[in-house]
Structure formats: structure tokens, C-alpha cells
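J.: Just dropping this structure here.
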Amino acid sequence: MYERITPPAVGERITFKDGEPVVPDTPIIPYIRGDGTGVDIWPASQRVFDAAVAKAYGGKREIVWFKVYAGDEACEQYGTYQYLPDDTLKAIEEYGVAIKGPLTTPVGGGIRSLNVALRQINDLYACVRPCKYYAGTPSPHRSPEKLDVIIYRENTEDIYLGIEWKQGDPVCDQLIKILNTELIPATPEHGKKQIPLDSGIGIKPISKTGSQRLVRRAMKHALRLPKPKQQVTLVHKGNIMKYTEGAFRDWGYELATSEFRAECVTERESWVLGNKEKNPDLSTEDNARQIEPGYDALTPEKKAAICAEVEAILADIWETHGSGQWKDKIMVNDRIADSIFQQIQTRPDEYSILATMNLNGDYLSDAAAAIVGGLGMGPGANIGDTCAVFEATHGTAPKHAGLDRINPGSVILSGVMMLEYMGWQEAADLIKKGMAAAIASREVTYDLARMMEPPVNPPLKCSEFAEAIVKHFDD
């Protein structure tokens, strides 16, 4: 079945049922070491994973590691430009759950991005990025501990689908001509807009299916959180792109209020219910006036629509959500993308799960990671219904490769996510405990050491940081 790799002789496959993993006690998990500093990061991370599983389960559970290849290391094994060999794709598909270090984006040939390719080939539609602060981690923010969010980023659509045409390409010129002479004039809302003839063109597809399956997974995650953190915020730029980003918001609300009707309330619904609870005799119009700024200046048609909305909410969910019942349900709201960038810094404790499209999620996850200590402390996962790949979120940093100095925290915390996904919470908790204690004790690698006050000198090596984490399992 495989050309140049051999699966382990022991262990079992992880299977899936209804989109969730069914995990044996000895799962076979493919791993990609990663390029550049992957040579240092992976051994340190594996040491932590194996120690945590051994301590948590006393030999009753064990991960059976299966080395597969991608990136530069794959080219060494399979030949020039073989950045993502079929062996690796088959192994990930067969065994269901994999973990990887950082990979170089190919230059001069091959695919545009290995990370994007892995997501699209395996339909890993949910990129999940938790951003949580560990005490003692240097941060440019005064109160980084207030940020504790999980970003659910749609992984397969938006501009990352990579459908674009270069300026001057005949197909691009033809597309611009069709848009300018036929399609834009046929759409009255676009008025006399025209695309400059010397433009490159890219397509931004956002589908109902893609949007709703992401929000569905975010909602299921919210149900597992403590009550105060049960909130899903739909992040979008729907004020500008109404039929893509605005549709993402609308489809998200539709999914939440249909499939999770008993478990959720929208922010707007909570306003209507709350107003009625404060004043049982409140009229429909006065309730509408309180939830809609500028209500009195609206046209009669818009006023009627808002009043109808109020009446529908009270008729549909007052019995199940009224009288304060909504306060124990998942809160679903939405925020404009540029606003949420500000609010995760100024009001971070007001947010929990942020569900977003691909490009916005890319920006937002890196910005949130910066608040809690940078990408070196940022884990990530790419999850679909029959496969999941956990990954470092930083680059390969080749100038540091082989020096045993880089921070392995991103891969280690990605492994924590993997263990939680597998239902091995005890092992995951040990790693989080060990890492928190190591950082609090100022036992850190150079990237964190140089930013601490006073700076830590000498810092720990990559391998020493792993040992420090394991040592603190017994605290």
C-alpha cells in the first residue's frame, strides 16, 4: 500500500462515528517532524506526550507513533518537489488523526502551501486555535490573562481556495470584460462600477454548507465549556460584503437557532426577552424601540418589520427561554471583523468562541496569539468529520534549526488539543499543568527568557524545556 514507509506492527486505527473520533487504547498516530526547527521541536514534544500518557494511564494507554514525510524532508526521501507524497496522504486518511511540526512553503515548484493543501485534500474545514494565557509568559499587554478564546476558522473556502488570475492573462482580461459589460450592468445595486482593466482577479466563495458546518462544530464545542464561557461570536465584514461575509453571519444564526434552538439564544433575542422581563406590560413598539437604535426615525415599513420580529421572538421562545431561562443558554452574537480586533484587546473577557471565515480567522488567530505570548505558544488543529491534523502555528525558523534552542510550546500545546480531541483529558491536563508550572518558575527557552523581567540567563534549551514540563507533572 505504501511506497517508502511501513506502518507500525502494533497499535490500532482511530475511526470516526458521526464526525467524532473513536479512539482505541493504542492508537497509531502519524507524525510529520517538520522542516527547519522541527528537527529540535518534535523530539522534545514527543518526550512530553509520551511521559504524560504514561503517567496518566500507567501503561493502559499508549500512542504508537508512525513517521510520515512532508516538506523538505519528504523531498529528501521521495525526490525533488515531492513535498507531499501520496504515502503521507494515505497514512493520514487511514489513521484519522495526525500531528505535524512547521512546514516550509515550497519555492520554485510543487504546491503553493503544504498546510493549505493538507486542509483541502482532507476536507479539514475547521481550523481551531485556542488562545489562552499561561501565567508568567511575557506579553505586550497589561492584562493578557483576560483573553481566553477559541477561534473556529473556516478552512476550505474564501480566498484560500486560490482561484485567481494574473493581470494581463487572457482569461483574466476576458473575465473583466464579461463583468464590466454584462454582469455588473445587469446588477442595479452595483451602479456604474467598473473593474480597472489592468487588475488581477480573485474569487471569494463563501457557501452555506461550509459556513454552517463550521458554526455547528463551534456550537458543539460551546456546549462543552463552563456556563460562563458558553458563547459563540460570528465574526464577519458583512457591512461591506453582504452576500459572502454577511451571508456567513445569517447562515450562522440560522444554523444555531434551528439545530440548537433549545440550547441557545441570540443576543438580539436576549434583549427582547430581557426587556419583557423587566417590564411585563411593555408594548411591542416600546420593546422594538429599545432594541433598535434610531427606531423613531425609521420608515413605517421598517418599524413594522422590527415590531413583527419582537412579536415572533416572544411567541416562539418566551415559554422556553423567557423568565431568565435564556441566561443559562449559549449566547450567539456577531461582531464586525475590524471591531473584534479592537475588542479582544480592550474587552477580551467578553468573548469565548469566535467563529469566522478563512481570511479573517487567519488575521485574528495570530493577533490573539500575540496577546498571550506569540505564535511560539499558539497551538492549532485542523478538523474535519473523518480526519484531524494538529499542528504548530509558527514558521520553520531554519536559522535556528539543530541548535536545540527554539520553543516547542506550539507543538506541545497542539498535542494537548490532540489528546483532548481523543478524550484523553487526564494526559492533556498533566501537560498544561507542567507547562504552566515551568513558565511560572521561569524555566523557559530564549524567546520567552529575553522578554521576562528581569531576563532569564541562561535560558533552557528546547530539550531542557520539555524535561522541565515533565518534571512539574509531580507538583
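Residue numbering restarts at 1 in every chain; chains get A, B, ... in the order shown in the C-alpha cells, and ligands count up from 1 in that same order.
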List every residue of stretch 248-449 of chain A that DSSP, applied to the backbone of this structure, assigns to strand (DSSP E or B), and report them as a VMD selection string.
T.: chain A and resid 264 to 266 330 to 336 353 to 356 379 to 383 388 to 392
J.: What lies within 7 Å of A:Ile412 using only C-alpha atoms, ignoring chain neighbours under 4 positions off, as a PyMOL selection string?
T.: chain A and resi 45+408+416
J.: Which one of A:Gln194, A:Thr346, A:Thr137, A:Thr299 sits closest to A:Met435 if you count only C-alpha atoms?
T.: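 For A:Met435, the nearest of the given residues is A:Thr137.
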J.: Would you give me, as a Markdown table, each residue of stretch 130-218 of chain A having an atom within 12 Å of an atom of stretch 240-260 of chain A, along with its shortest atom pair and that distance in Å to one decimal, using only C-alpha atoms and sorting by chain and residue number?
T.:
| residue | atom | partner | partner_atom | distance |
| --- | --- | --- | --- | --- |
| A:Arg153 | CA | A:Phe248 | CA | 12.0 |
| A:Glu154 | CA | A:Phe248 | CA | 10.4 |
| A:Glu157 | CA | A:Thr244 | CA | 10.8 |
| A:Asp158 | CA | A:Thr244 | CA | 8.8 |
| A:Ile159 | CA | A:Thr244 | CA | 11.4 |
| A:Glu189 | CA | A:Lys242 | CA | 11.9 |
| A:Ile203 | CA | A:Thr244 | CA | 11.0 |
| A:Lys204 | CA | A:Thr244 | CA | 7.8 |
| A:Pro205 | CA | A:Thr244 | CA | 7.1 |
| A:Ile206 | CA | A:Thr244 | CA | 5.4 |
| A:Ser207 | CA | A:Phe248 | CA | 7.8 |
| A:Lys208 | CA | A:Trp251 | CA | 6.3 |
| A:Thr209 | CA | A:Trp251 | CA | 8.9 |
| A:Gly210 | CA | A:Phe248 | CA | 9.0 |
| A:Ser211 | CA | A:Phe248 | CA | 5.8 |
| A:Gln212 | CA | A:Gly252 | CA | 5.8 |
| A:Arg213 | CA | A:Leu255 | CA | 8.6 |
| A:Leu214 | CA | A:Gly252 | CA | 8.6 |
| A:Val215 | CA | A:Gly252 | CA | 5.9 |
| A:Arg216 | CA | A:Leu255 | CA | 7.0 |
| A:Arg217 | CA | A:Ala256 | CA | 10.6 |
| A:Ala218 | CA | A:Ala256 | CA | 9.9 |
J.: Would you save the residues from that selection as an mmCIF file, in the first residue's frame, using C-alpha atoms?
T.:
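What ended up in part-v4.cif:
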data_model
loop_
_atom_site.group_PDB
_atom_site.id
_atom_site.type_symbol
_atom_site.label_atom_id
_atom_site.label_comp_id
_atom_site.auth_asym_id
_atom_site.auth_seq_id
_atom_site.Cartn_x
_atom_site.Cartn_y
_atom_site.Cartn_z
ATOM 1 C CA ARG A 153 -11.748 29.494 11.380
ATOM 2 C CA GLU A 154 -13.352 28.066 8.226
ATOM 3 C CA GLU A 157 -13.205 28.443 1.292
ATOM 4 C CA ASP A 158 -12.768 32.193 0.950
ATOM 5 C CA ILE A 159 -9.722 33.462 -0.941
ATOM 6 C CA GLU A 189 -27.122 47.798 -6.985
ATOM 7 C CA ILE A 203 -12.755 34.832 -6.399
ATOM 8 C CA LYS A 204 -14.093 34.760 -2.824
ATOM 9 C CA PRO A 205 -16.565 31.870 -2.466
ATOM 10 C CA ILE A 206 -18.474 31.509 0.798
ATOM 11 C CA SER A 207 -21.007 28.676 0.860
ATOM 12 C CA LYS A 208 -23.943 27.944 3.115
ATOM 13 C CA THR A 209 -22.724 24.370 3.614
ATOM 14 C CA GLY A 210 -19.202 25.461 4.543
ATOM 15 C CA SER A 211 -20.400 28.192 6.858
ATOM 16 C CA GLN A 212 -22.937 26.090 8.708
ATOM 17 C CA ARG A 213 -20.771 23.044 9.291
ATOM 18 C CA LEU A 214 -18.152 25.321 10.873
ATOM 19 C CA VAL A 215 -20.720 27.005 13.125
ATOM 20 C CA ARG A 216 -22.184 23.612 14.028
ATOM 21 C CA ARG A 217 -18.800 22.434 15.307
ATOM 22 C CA ALA A 218 -18.299 25.706 17.198
#
J.: Go through stretch 283-449 of chain A and collect every residue that DSSP, computed from the backbone, puts in helix (DSSP H, G or I); the answer should be as a PyMOL selection string.
T.: chain A and resi 284-291+295-297+300-321+325-328+337-346+348-350+358-371+375-377+398-400+409-422+425-440+446-449
J.: Between A:Gly11, A:Gly136, A:Gly274, A:Gly101, which one has atoms that come closest to A:Pro43, using only C-alpha atoms?
T.: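 Nearest to A:Pro43: A:Gly101.
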J.: With a distance cut-off of 9 Å and only C-alpha atoms, select the neighbouring residues of A:Asp18, excluding the residue or stretch itself and same-chain residues fewer than 3 positions from it, and output the selection as a PDB file with all heavy atoms, in the first residue's frame.
T.:
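Writing done, so here's around_37.pdb:
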ATOM      1  N   PRO A  21     -14.178  11.141  16.885  1.00  0.00           N
ATOM      2  CA  PRO A  21     -13.238  10.022  16.863  1.00  0.00           C
ATOM      3  C   PRO A  21     -13.600   8.920  17.849  1.00  0.00           C
ATOM      4  O   PRO A  21     -14.072   9.192  18.952  1.00  0.00           O
ATOM      5  CB  PRO A  21     -11.911  10.686  17.260  1.00  0.00           C
ATOM      6  CG  PRO A  21     -12.318  11.836  18.121  1.00  0.00           C
ATOM      7  CD  PRO A  21     -13.615  12.338  17.543  1.00  0.00           C
ATOM      8  N   ASP A 385     -14.730  15.835   9.485  1.00  0.00           N
ATOM      9  CA  ASP A 385     -15.641  14.827  10.025  1.00  0.00           C
ATOM     10  C   ASP A 385     -15.035  13.436  10.066  1.00  0.00           C
ATOM     11  O   ASP A 385     -15.542  12.558  10.760  1.00  0.00           O
ATOM     12  CB  ASP A 385     -16.934  14.805   9.203  1.00  0.00           C
ATOM     13  CG  ASP A 385     -17.752  16.070   9.401  1.00  0.00           C
ATOM     14  OD1 ASP A 385     -17.644  16.689  10.473  1.00  0.00           O
ATOM     15  OD2 ASP A 385     -18.496  16.451   8.466  1.00  0.00           O
ATOM     16  N   THR A 386     -13.936  13.221   9.323  1.00  0.00           N
ATOM     17  CA  THR A 386     -13.313  11.892   9.313  1.00  0.00           C
ATOM     18  C   THR A 386     -11.799  11.970   9.466  1.00  0.00           C
ATOM     19  O   THR A 386     -11.095  10.989   9.214  1.00  0.00           O
ATOM     20  CB  THR A 386     -13.624  11.145   8.007  1.00  0.00           C
ATOM     21  OG1 THR A 386     -13.126  11.912   6.894  1.00  0.00           O
ATOM     22  CG2 THR A 386     -15.121  10.930   7.843  1.00  0.00           C
TER      23      THR A 386
END
J.: To one decimal place in Å, what is the distance between atom CA of A:Lys229 and atom CA of A:Ala288?
T.: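 We find that atom CA of A:Lys229 and atom CA of A:Ala288 lie 28.3 Å from each other.
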J.: I'd like the contact shell of A:Ile431 - 8 Å cut-off, only C-alpha atoms, skipping same-chain residues fewer than 6 positions apart - returned as an NGL selection string.
T.: :A and (48-49 or 52 or 416 or 469-470 or 473)
J.: Would you output that residue set with N, CA, C and O atoms, as a PDB file, in the first residue's frame?
T.:
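Final output, result.pdb:
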ATOM      1  N   VAL A  48       7.354  14.827  25.853  1.00  0.00           N
ATOM      2  CA  VAL A  48       6.302  15.303  26.760  1.00  0.00           C
ATOM      3  C   VAL A  48       5.031  14.479  26.589  1.00  0.00           C
ATOM      4  O   VAL A  48       4.401  14.067  27.576  1.00  0.00           O
ATOM      5  N   PHE A  49       4.634  14.216  25.350  1.00  0.00           N
ATOM      6  CA  PHE A  49       3.407  13.448  25.108  1.00  0.00           C
ATOM      7  C   PHE A  49       3.505  12.053  25.730  1.00  0.00           C
ATOM      8  O   PHE A  49       2.582  11.606  26.436  1.00  0.00           O
ATOM      9  N   ALA A  52       3.403  12.111  29.557  1.00  0.00           N
ATOM     10  CA  ALA A  52       2.083  12.436  30.105  1.00  0.00           C
ATOM     11  C   ALA A  52       1.133  11.244  29.990  1.00  0.00           C
ATOM     12  O   ALA A  52       0.395  10.935  30.936  1.00  0.00           O
ATOM     13  N   VAL A 416      -1.665  18.807  23.207  1.00  0.00           N
ATOM     14  CA  VAL A 416      -2.707  18.892  24.238  1.00  0.00           C
ATOM     15  C   VAL A 416      -4.081  18.890  23.577  1.00  0.00           C
ATOM     16  O   VAL A 416      -4.995  18.164  23.992  1.00  0.00           O
ATOM     17  N   ILE A 469       8.905  20.583  31.837  1.00  0.00           N
ATOM     18  CA  ILE A 469       7.456  20.330  31.834  1.00  0.00           C
ATOM     19  C   ILE A 469       7.157  18.991  32.479  1.00  0.00           C
ATOM     20  O   ILE A 469       6.265  18.874  33.343  1.00  0.00           O
ATOM     21  N   VAL A 470       7.893  17.968  32.075  1.00  0.00           N
ATOM     22  CA  VAL A 470       7.675  16.625  32.623  1.00  0.00           C
ATOM     23  C   VAL A 470       7.947  16.608  34.123  1.00  0.00           C
ATOM     24  O   VAL A 470       7.198  16.003  34.906  1.00  0.00           O
ATOM     25  N   PHE A 473       5.057  17.602  36.315  1.00  0.00           N
ATOM     26  CA  PHE A 473       3.891  16.731  36.430  1.00  0.00           C
ATOM     27  C   PHE A 473       3.661  16.327  37.886  1.00  0.00           C
ATOM     28  O   PHE A 473       2.517  16.074  38.283  1.00  0.00           O
TER      29      PHE A 473
END
J.: Which is closer to A:Met357 than all the others in A:Thr88, A:Cys127, A:Gln77, A:Val68, using only C-alpha atoms?
T.: A:Cys127
J.: Which is closer to A:Tyr31 than all the others in A:Met418, A:Ile92, A:Leu430, A:Leu298, using only C-alpha atoms?
T.: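 Going through A:Met418, A:Ile92, A:Leu430, A:Leu298 one by one, the smallest distance to A:Tyr31 is for A:Ile92.
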J.: Find the residues near A:Trp271: any atom within 9 Å, counting only C-alpha atoms, skip ones fewer than 6 places away on the same chain, and give them as a list of chain:residue names.
T.: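 In the requested form, the answer reads A:Asn287, A:Gln290, A:Ile291.
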J.: What does the file look like for those residues with N, CA and C atoms, as a short mmCIF file (atom, residue, chain, number, x, y, z; two decimals), in the first residue's frame?
T.:
data_model
loop_
_atom_site.label_atom_id
_atom_site.label_comp_id
_atom_site.auth_asym_id
_atom_site.auth_seq_id
_atom_site.Cartn_x
_atom_site.Cartn_y
_atom_site.Cartn_z
N ASN A 287 -40.76 47.84 23.05
CA ASN A 287 -39.70 46.84 23.06
C ASN A 287 -38.84 47.01 21.80
N GLN A 290 -36.47 49.87 22.04
CA GLN A 290 -35.30 49.64 22.90
C GLN A 290 -34.23 48.79 22.23
N ILE A 291 -34.61 47.92 21.28
CA ILE A 291 -33.60 47.06 20.66
C ILE A 291 -33.05 47.64 19.37
#
J.: Can you pull out the residues contacting stretch 404-407 of chain A? Cut-off 10 Å, using only C-alpha atoms, and skip same-chain residues under 2 positions away; I want them as a ChimeraX atom specification.
T.: /A:37-41,44,375-377,397,400-402,409-412,444-448,459-466
J.: Show me, as a PyMOL selection string, the residues that have an atom within 10 Å of A:Arg4 when counting only C-alpha atoms, minus same-chain residues fewer than 2 positions from it.
T.: chain A and resi 1-2+6+68-69+77-78+85+87-88
J.: Out of A:Lys329, A:Asp169, A:Gly415, A:Gly36, which residue has the shortest atom-to-atom distance to A:Ala428 when counting only C-alpha atoms?
T.: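 The answer is A:Gly415, which sits nearest to A:Ala428.
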J.: Of the candidates A:Phe341, A:Tyr95, A:Tyr134, A:Phe16, which one gets nearest to A:Val372 if we count only C-alpha atoms?
T.: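 Of A:Phe341, A:Tyr95, A:Tyr134, A:Phe16, the one nearest A:Val372 is A:Tyr134, counting only C-alpha atoms.
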J.: Please indicate the distance in Å from atom CA of A:Val171 to atom CA of A:Ile201, rounded to one decimal place.
T.: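 Calculated distance between atom CA of A:Val171 and atom CA of A:Ile201 is 9.9 Å.
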